[in-house]
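Visitor: Just run25.cif, nothing more (mmCIF, C-alpha atoms and all ligand atoms):
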```cif
data_model
#
loop_
_atom_site.label_atom_id
_atom_site.label_comp_id
_atom_site.auth_asym_id
_atom_site.auth_seq_id
_atom_site.Cartn_x
_atom_site.Cartn_y
_atom_site.Cartn_z
CA MET A 1 174.69 76.97 -29.03
CA ASN A 2 177.50 74.49 -29.72
CA ALA A 3 175.58 73.13 -32.71
CA ILE A 4 175.33 76.66 -34.18
CA LYS A 5 179.08 77.25 -33.64
CA GLU A 6 179.86 73.89 -35.29
CA ALA A 7 177.61 74.77 -38.24
CA ILE A 8 179.32 78.17 -38.70
CA LYS A 9 182.76 76.51 -38.52
CA THR A 10 181.70 73.87 -41.08
CA VAL A 11 180.42 76.54 -43.50
CA SER A 12 183.65 78.55 -43.00
CA ASP A 13 185.80 75.43 -43.60
CA LEU A 14 183.82 74.52 -46.71
CA TRP A 15 184.20 78.06 -48.04
CA SER A 16 188.00 77.92 -47.45
CA LEU A 17 188.10 74.55 -49.23
CA MET A 18 186.22 75.92 -52.24
CA VAL A 19 188.45 79.00 -52.48
CA GLY A 20 191.55 76.78 -52.17
CA LEU A 21 190.28 74.42 -54.89
CA ARG A 22 189.62 77.38 -57.18
CA VAL A 23 193.21 78.56 -56.72
CA THR A 24 194.54 75.01 -57.19
CA GLY A 25 192.50 74.55 -60.36
CA LYS A 26 193.74 77.85 -61.76
CA TYR A 27 197.43 76.98 -61.26
CA PHE A 28 196.96 73.28 -62.23
CA LEU A 29 196.34 74.35 -65.81
CA GLU A 30 199.45 76.53 -65.98
CA PRO A 31 202.89 75.22 -67.08
CA GLN A 32 205.03 73.49 -64.41
CA ARG A 33 207.14 75.98 -62.51
CA THR A 34 209.17 73.66 -60.27
CA VAL A 35 212.62 72.09 -60.81
CA ARG A 36 214.61 69.50 -58.82
CA TYR A 37 216.47 72.13 -56.85
CA PRO A 38 219.37 72.12 -55.94
CA TRP A 39 220.37 69.44 -58.46
CA LYS A 40 219.06 71.49 -61.36
CA ALA A 41 220.21 75.05 -61.87
CA VAL A 42 217.43 77.58 -61.34
CA SER A 43 217.50 80.42 -63.79
CA ASN A 44 214.30 82.16 -62.70
CA ILE A 45 214.64 82.05 -58.90
CA GLY A 46 213.04 85.49 -58.69
CA THR A 47 209.68 84.07 -59.80
CA PHE A 48 209.47 81.55 -56.90
CA LYS A 49 207.38 82.16 -53.80
CA GLY A 50 208.86 82.60 -50.35
CA HIS A 51 207.01 83.24 -47.09
CA LEU A 52 204.29 85.85 -46.71
CA GLU A 53 204.96 89.48 -45.90
CA LEU A 54 202.79 92.45 -45.06
CA VAL A 55 202.69 95.19 -47.68
CA GLY A 56 203.62 98.60 -46.29
CA GLY A 57 202.20 101.97 -47.20
CA GLY A 58 199.48 102.37 -44.57
CA GLN A 59 198.86 106.11 -44.11
CA LYS A 60 201.67 106.68 -46.64
CA ASP A 61 204.28 105.18 -44.27
CA PRO A 62 206.21 102.44 -46.14
CA PHE A 63 206.87 100.59 -42.86
CA LYS A 64 203.27 100.66 -41.60
CA PRO A 65 201.08 97.77 -42.83
CA ARG A 66 198.21 98.47 -45.19
CA CYS A 67 196.41 95.76 -43.22
CA ILE A 68 193.10 96.85 -41.64
CA SER A 69 192.93 93.90 -39.19
CA CYS A 70 189.73 92.52 -40.74
CA GLY A 71 190.83 88.90 -40.23
CA MET A 72 189.62 87.67 -43.65
CA CYS A 73 193.01 86.09 -44.39
CA ALA A 74 192.99 84.15 -41.11
CA LEU A 75 189.43 83.00 -41.76
CA ALA A 76 190.23 81.87 -45.31
CA CYS A 77 193.53 80.14 -44.54
CA PRO A 78 193.03 76.36 -44.83
CA SER A 79 196.08 75.67 -42.64
CA HIS A 80 195.18 78.06 -39.81
CA CYS A 81 198.62 79.64 -39.86
CA ILE A 82 197.60 83.30 -39.42
CA THR A 83 196.54 85.07 -36.22
CA VAL A 84 195.70 88.78 -36.40
CA VAL A 85 195.78 90.70 -33.11
CA LYS A 86 193.89 93.99 -33.30
CA LYS A 87 195.14 97.18 -31.66
CA LYS A 88 193.19 98.51 -28.70
CA ALA A 89 191.81 102.03 -28.66
CA PRO A 90 194.04 104.46 -26.72
CA LYS A 91 192.82 105.43 -23.26
CA PRO A 92 190.51 108.44 -23.69
CA THR A 93 191.41 111.77 -22.11
CA PRO A 94 189.10 113.02 -19.33
CA GLU A 95 187.45 115.39 -21.87
CA GLU A 96 186.89 112.51 -24.30
CA GLU A 97 185.48 110.34 -21.49
CA LYS A 98 183.04 113.11 -20.62
CA ALA A 99 182.00 113.51 -24.26
CA LEU A 100 181.56 109.73 -24.59
CA ALA A 101 179.43 109.57 -21.47
CA GLU A 102 177.25 112.41 -22.79
CA ALA A 103 176.91 110.73 -26.17
CA LYS A 104 175.89 107.44 -24.53
CA ALA A 105 173.39 109.24 -22.29
CA ASN A 106 171.87 110.82 -25.43
CA GLY A 107 171.67 107.41 -27.09
CA GLU A 108 174.19 108.45 -29.78
CA LYS A 109 176.46 105.90 -31.42
CA THR A 110 180.15 106.22 -30.54
CA LYS A 111 182.94 105.23 -32.90
CA ASP A 112 185.72 102.81 -31.99
CA LYS A 113 188.92 104.86 -32.16
CA ALA A 114 191.28 101.86 -32.27
CA PRO A 115 193.88 102.14 -35.07
CA LYS A 116 193.10 99.81 -37.95
CA ASP A 117 196.61 98.42 -38.45
CA PRO A 118 197.30 95.26 -36.39
CA GLU A 119 199.17 95.03 -33.11
CA LYS A 120 200.55 91.66 -34.18
CA PHE A 121 200.26 89.56 -37.33
CA VAL A 122 201.46 86.11 -36.33
CA TYR A 123 202.29 83.82 -39.24
CA ASP A 124 203.47 80.22 -38.94
CA TYR A 125 205.50 79.56 -42.07
CA SER A 126 206.02 75.92 -41.02
CA LEU A 127 202.29 75.30 -41.66
CA CYS A 128 201.91 77.46 -44.77
CA SER A 129 201.36 75.70 -48.09
CA LEU A 130 201.89 78.95 -50.06
CA CYS A 131 198.46 78.45 -51.63
CA GLY A 132 197.79 82.19 -51.88
CA THR A 133 194.22 82.03 -50.55
CA CYS A 134 194.96 84.68 -47.91
CA ILE A 135 196.31 87.06 -50.57
CA GLU A 136 193.29 86.53 -52.79
CA ASN A 137 190.88 87.18 -49.91
CA CYS A 138 192.56 90.33 -48.57
CA PRO A 139 190.39 93.37 -49.33
CA ALA A 140 193.27 95.79 -48.72
CA GLY A 141 196.00 94.27 -50.91
CA ALA A 142 198.04 94.01 -47.72
CA LEU A 143 199.72 90.63 -48.24
CA SER A 144 202.22 89.30 -50.75
CA PHE A 145 204.80 86.56 -51.10
CA THR A 146 208.48 87.36 -50.70
CA GLY A 147 211.10 85.94 -53.03
CA ASN A 148 213.00 84.56 -50.02
CA VAL A 149 213.28 80.88 -50.96
CA TYR A 150 216.52 80.27 -49.04
CA MET A 151 215.06 80.35 -45.53
CA ALA A 152 216.22 77.53 -43.27
CA GLY A 153 216.05 76.92 -39.51
CA TYR A 154 216.76 74.44 -36.73
CA SER A 155 213.34 74.44 -35.05
CA ARG A 156 209.71 75.18 -35.91
CA ASN A 157 209.94 78.38 -33.91
CA ASP A 158 212.41 79.70 -36.48
CA PHE A 159 209.44 79.90 -38.87
CA LEU A 160 207.03 81.67 -36.53
CA PHE A 161 206.99 85.38 -37.39
CA ASP A 162 205.25 88.55 -36.40
CA LEU A 163 204.96 90.13 -39.84
CA VAL A 164 204.40 93.60 -38.32
CA VAL A 165 207.86 93.36 -36.72
CA LYS A 166 209.34 91.97 -39.95
CA LEU A 167 207.98 94.92 -41.93
CA ARG A 168 209.30 97.39 -39.34
CA ASP A 169 212.71 95.66 -39.33
CA SER A 170 212.90 95.85 -43.11
CA GLN A 171 214.09 99.43 -42.59
CA ALA A 172 217.44 97.90 -41.62
CA PRO A 173 219.95 97.29 -44.46
CA ALA A 174 219.25 94.00 -46.29
CA PRO A 175 221.57 91.05 -45.49
CA ALA A 176 224.06 89.98 -48.13
CA GLU A 177 222.65 87.83 -50.95
CA PRO A 178 223.31 84.06 -50.52
CA ALA A 179 226.02 82.53 -52.63
CA ALA A 180 224.97 81.57 -56.15
CA VAL A 181 223.72 77.98 -56.56
CA PRO A 182 226.28 75.93 -58.53
CA ALA A 183 224.96 74.84 -61.93
CA GLU A 184 225.45 71.17 -60.94
CA THR A 185 223.10 68.80 -62.76
CA SER A 186 224.13 65.37 -61.34
CA GLU A 187 221.69 63.92 -58.76
CA ALA A 188 222.73 62.39 -55.40
S1 LIG A 201 199.41 81.05 -48.40
FE1 LIG A 201 199.81 80.12 -46.38
S2 LIG A 201 198.97 81.59 -44.92
FE2 LIG A 201 198.07 82.07 -46.92
S3 LIG A 201 196.13 80.91 -46.98
FE3 LIG A 201 197.68 79.63 -47.93
S4 LIG A 201 198.43 78.32 -46.26
FE4 LIG A 201 197.37 80.06 -45.31
S1 LIG A 202 196.09 91.10 -44.28
FE1 LIG A 202 194.25 91.71 -45.41
S2 LIG A 202 192.74 90.10 -45.00
FE2 LIG A 202 194.36 89.90 -43.46
S3 LIG A 202 193.63 91.07 -41.71
FE3 LIG A 202 194.90 92.44 -42.92
S4 LIG A 202 193.48 93.49 -44.31
FE4 LIG A 202 192.39 91.73 -43.49
#
```
Could you quickly redo this structure as structure tokens?
Ligand code: SF4
Ligand code: SF4

Guide:
Amino acid sequence: MNAIKEAIKTVSDLWSLMVGLRVTGKYFLEPQRTVRYPWKAVSNIGTFKGHLELVGGGQKDPFKPRCISCGMCALACPSHCITVVKKKAPKPTPEEEKALAEAKANGEKTKDKAPKDPEKFVYDYSLCSLCGTCIENCPAGALSFTGNVYMAGYSRNDFLFDLVVKLRDSQAPAPAEPAAVPAETSEA
């Protein structure tokens, strides 16, 4: 049994590696996009990648993730920095329980009524290499990079997010923009 599990994990790891190499190869051939920030002024900061975020719009609610909790992103991530926690089905009413019992007794298939959007979407930004593999593997277009390149923290826990909470909290007014980077070009 352990040998089968090991074999499945090896195939999954190899698949992640191949997808990652394909993404690396694609961007390797493109022009360099990095500068020696903050010594060089950055004119196109808006094109840089920040941490991941969940895309809203599930059931037409801009603050509900489009994510369907399939787990493909977590499976594809080479750094294992995503954990998707599925929602549980709500407790059935007595009438629903009766109907379910009847359906089971008749050998009918019953559908899982759990909502598709995740309970939690835990993302460890301290491990993320911003490779984009999770975004490319998402069948629902539910992930994207933010433009937040100014994030800083004092401990690793400052980079551990529940992206469901982050999306919900994005209803709050945005914080003030950070001060402009001085156009200093001398290096330390
Ligand atoms: S961008 Fe980050 S979270 Fe997504 S697959 Fe790459 S390392 Fe994992
Ligand atoms: S973000 Fe996309 S790939 Fe990841 S669990 Fe949600 S739907 Fe699946």

Visitor: Could you list, as a PyMOL selection string, all the residues within 7 Å of ligand LIG 201 (chain A), counting all atoms listed in the file?

Guide: chain A and resi 73+76-82+123+127-135

Visitor: Write the residues you've just listed into a file as a short mmCIF file (atom, residue, chain, number, x, y, z; two decimals), in the coordinates of the input, and include C-alpha atoms for each of them.

Guide:
```cif
data_model
loop_
_atom_site.label_atom_id
_atom_site.label_comp_id
_atom_site.auth_asym_id
_atom_site.auth_seq_id
_atom_site.Cartn_x
_atom_site.Cartn_y
_atom_site.Cartn_z
CA CYS A 73 193.01 86.09 -44.39
CA ALA A 76 190.23 81.87 -45.31
CA CYS A 77 193.53 80.14 -44.54
CA PRO A 78 193.03 76.36 -44.83
CA SER A 79 196.08 75.67 -42.64
CA HIS A 80 195.18 78.06 -39.81
CA CYS A 81 198.62 79.64 -39.86
CA ILE A 82 197.60 83.30 -39.42
CA TYR A 123 202.29 83.82 -39.24
CA LEU A 127 202.29 75.30 -41.66
CA CYS A 128 201.91 77.46 -44.77
CA SER A 129 201.36 75.70 -48.09
CA LEU A 130 201.89 78.95 -50.06
CA CYS A 131 198.46 78.45 -51.63
CA GLY A 132 197.79 82.19 -51.88
CA THR A 133 194.22 82.03 -50.55
CA CYS A 134 194.96 84.68 -47.91
CA ILE A 135 196.31 87.06 -50.57
#
```

Visitor: Within 9 Å of ligand LIG 202 (chain A), counting all atoms listed in the file: which residues, as a short mmCIF file (atom, residue, chain, number, x, y, z; two decimals) with C-alpha atoms, in the coordinates of the input?

Guide:
```cif
data_model
loop_
_atom_site.label_atom_id
_atom_site.label_comp_id
_atom_site.auth_asym_id
_atom_site.auth_seq_id
_atom_site.Cartn_x
_atom_site.Cartn_y
_atom_site.Cartn_z
CA LEU A 54 202.79 92.45 -45.06
CA VAL A 55 202.69 95.19 -47.68
CA PRO A 65 201.08 97.77 -42.83
CA ARG A 66 198.21 98.47 -45.19
CA CYS A 67 196.41 95.76 -43.22
CA ILE A 68 193.10 96.85 -41.64
CA SER A 69 192.93 93.90 -39.19
CA CYS A 70 189.73 92.52 -40.74
CA GLY A 71 190.83 88.90 -40.23
CA MET A 72 189.62 87.67 -43.65
CA CYS A 73 193.01 86.09 -44.39
CA ALA A 74 192.99 84.15 -41.11
CA LEU A 75 189.43 83.00 -41.76
CA ALA A 76 190.23 81.87 -45.31
CA ILE A 82 197.60 83.30 -39.42
CA THR A 83 196.54 85.07 -36.22
CA VAL A 84 195.70 88.78 -36.40
CA VAL A 85 195.78 90.70 -33.11
CA LYS A 86 193.89 93.99 -33.30
CA LYS A 116 193.10 99.81 -37.95
CA ASP A 117 196.61 98.42 -38.45
CA PRO A 118 197.30 95.26 -36.39
CA PHE A 121 200.26 89.56 -37.33
CA CYS A 134 194.96 84.68 -47.91
CA ILE A 135 196.31 87.06 -50.57
CA GLU A 136 193.29 86.53 -52.79
CA ASN A 137 190.88 87.18 -49.91
CA CYS A 138 192.56 90.33 -48.57
CA PRO A 139 190.39 93.37 -49.33
CA ALA A 140 193.27 95.79 -48.72
CA GLY A 141 196.00 94.27 -50.91
CA ALA A 142 198.04 94.01 -47.72
CA LEU A 143 199.72 90.63 -48.24
#
```

Visitor: Would you place a box with edges along x, y and z of the file around all atoms of segment 28-45 of chain A listed there, add 8 Å to each of its six sides, and report the centre and edge lengths in Å to one decimal, as lines of an AutoDock Vina configuration file?

Guide:
```
center_x = 208.4
center_y = 75.8
center_z = -61.5
size_x = 40.0
size_y = 28.7
size_z = 27.1
```

Visitor: Just how far from atom CA of Lys26 of chain A is atom CA of Phe159 of chain A, in Å to one decimal?

Guide: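 Calculated distance between atom CA of Phe159 of chain A and atom CA of Lys26 of chain A is 27.8 Å.
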
Visitor: Closest to Pro92 of chain A among A:Lys166, A:Gln59, A:Lys113, A:Leu17, using all atoms listed in the file?

Guide: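 Closest candidate: A:Lys113.
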
Visitor: Please, what distance in Å, to one decimal, runs between atom CA of Gly50 of chain A and atom CA of Tyr125 of chain A?

Guide: 9.4 Å
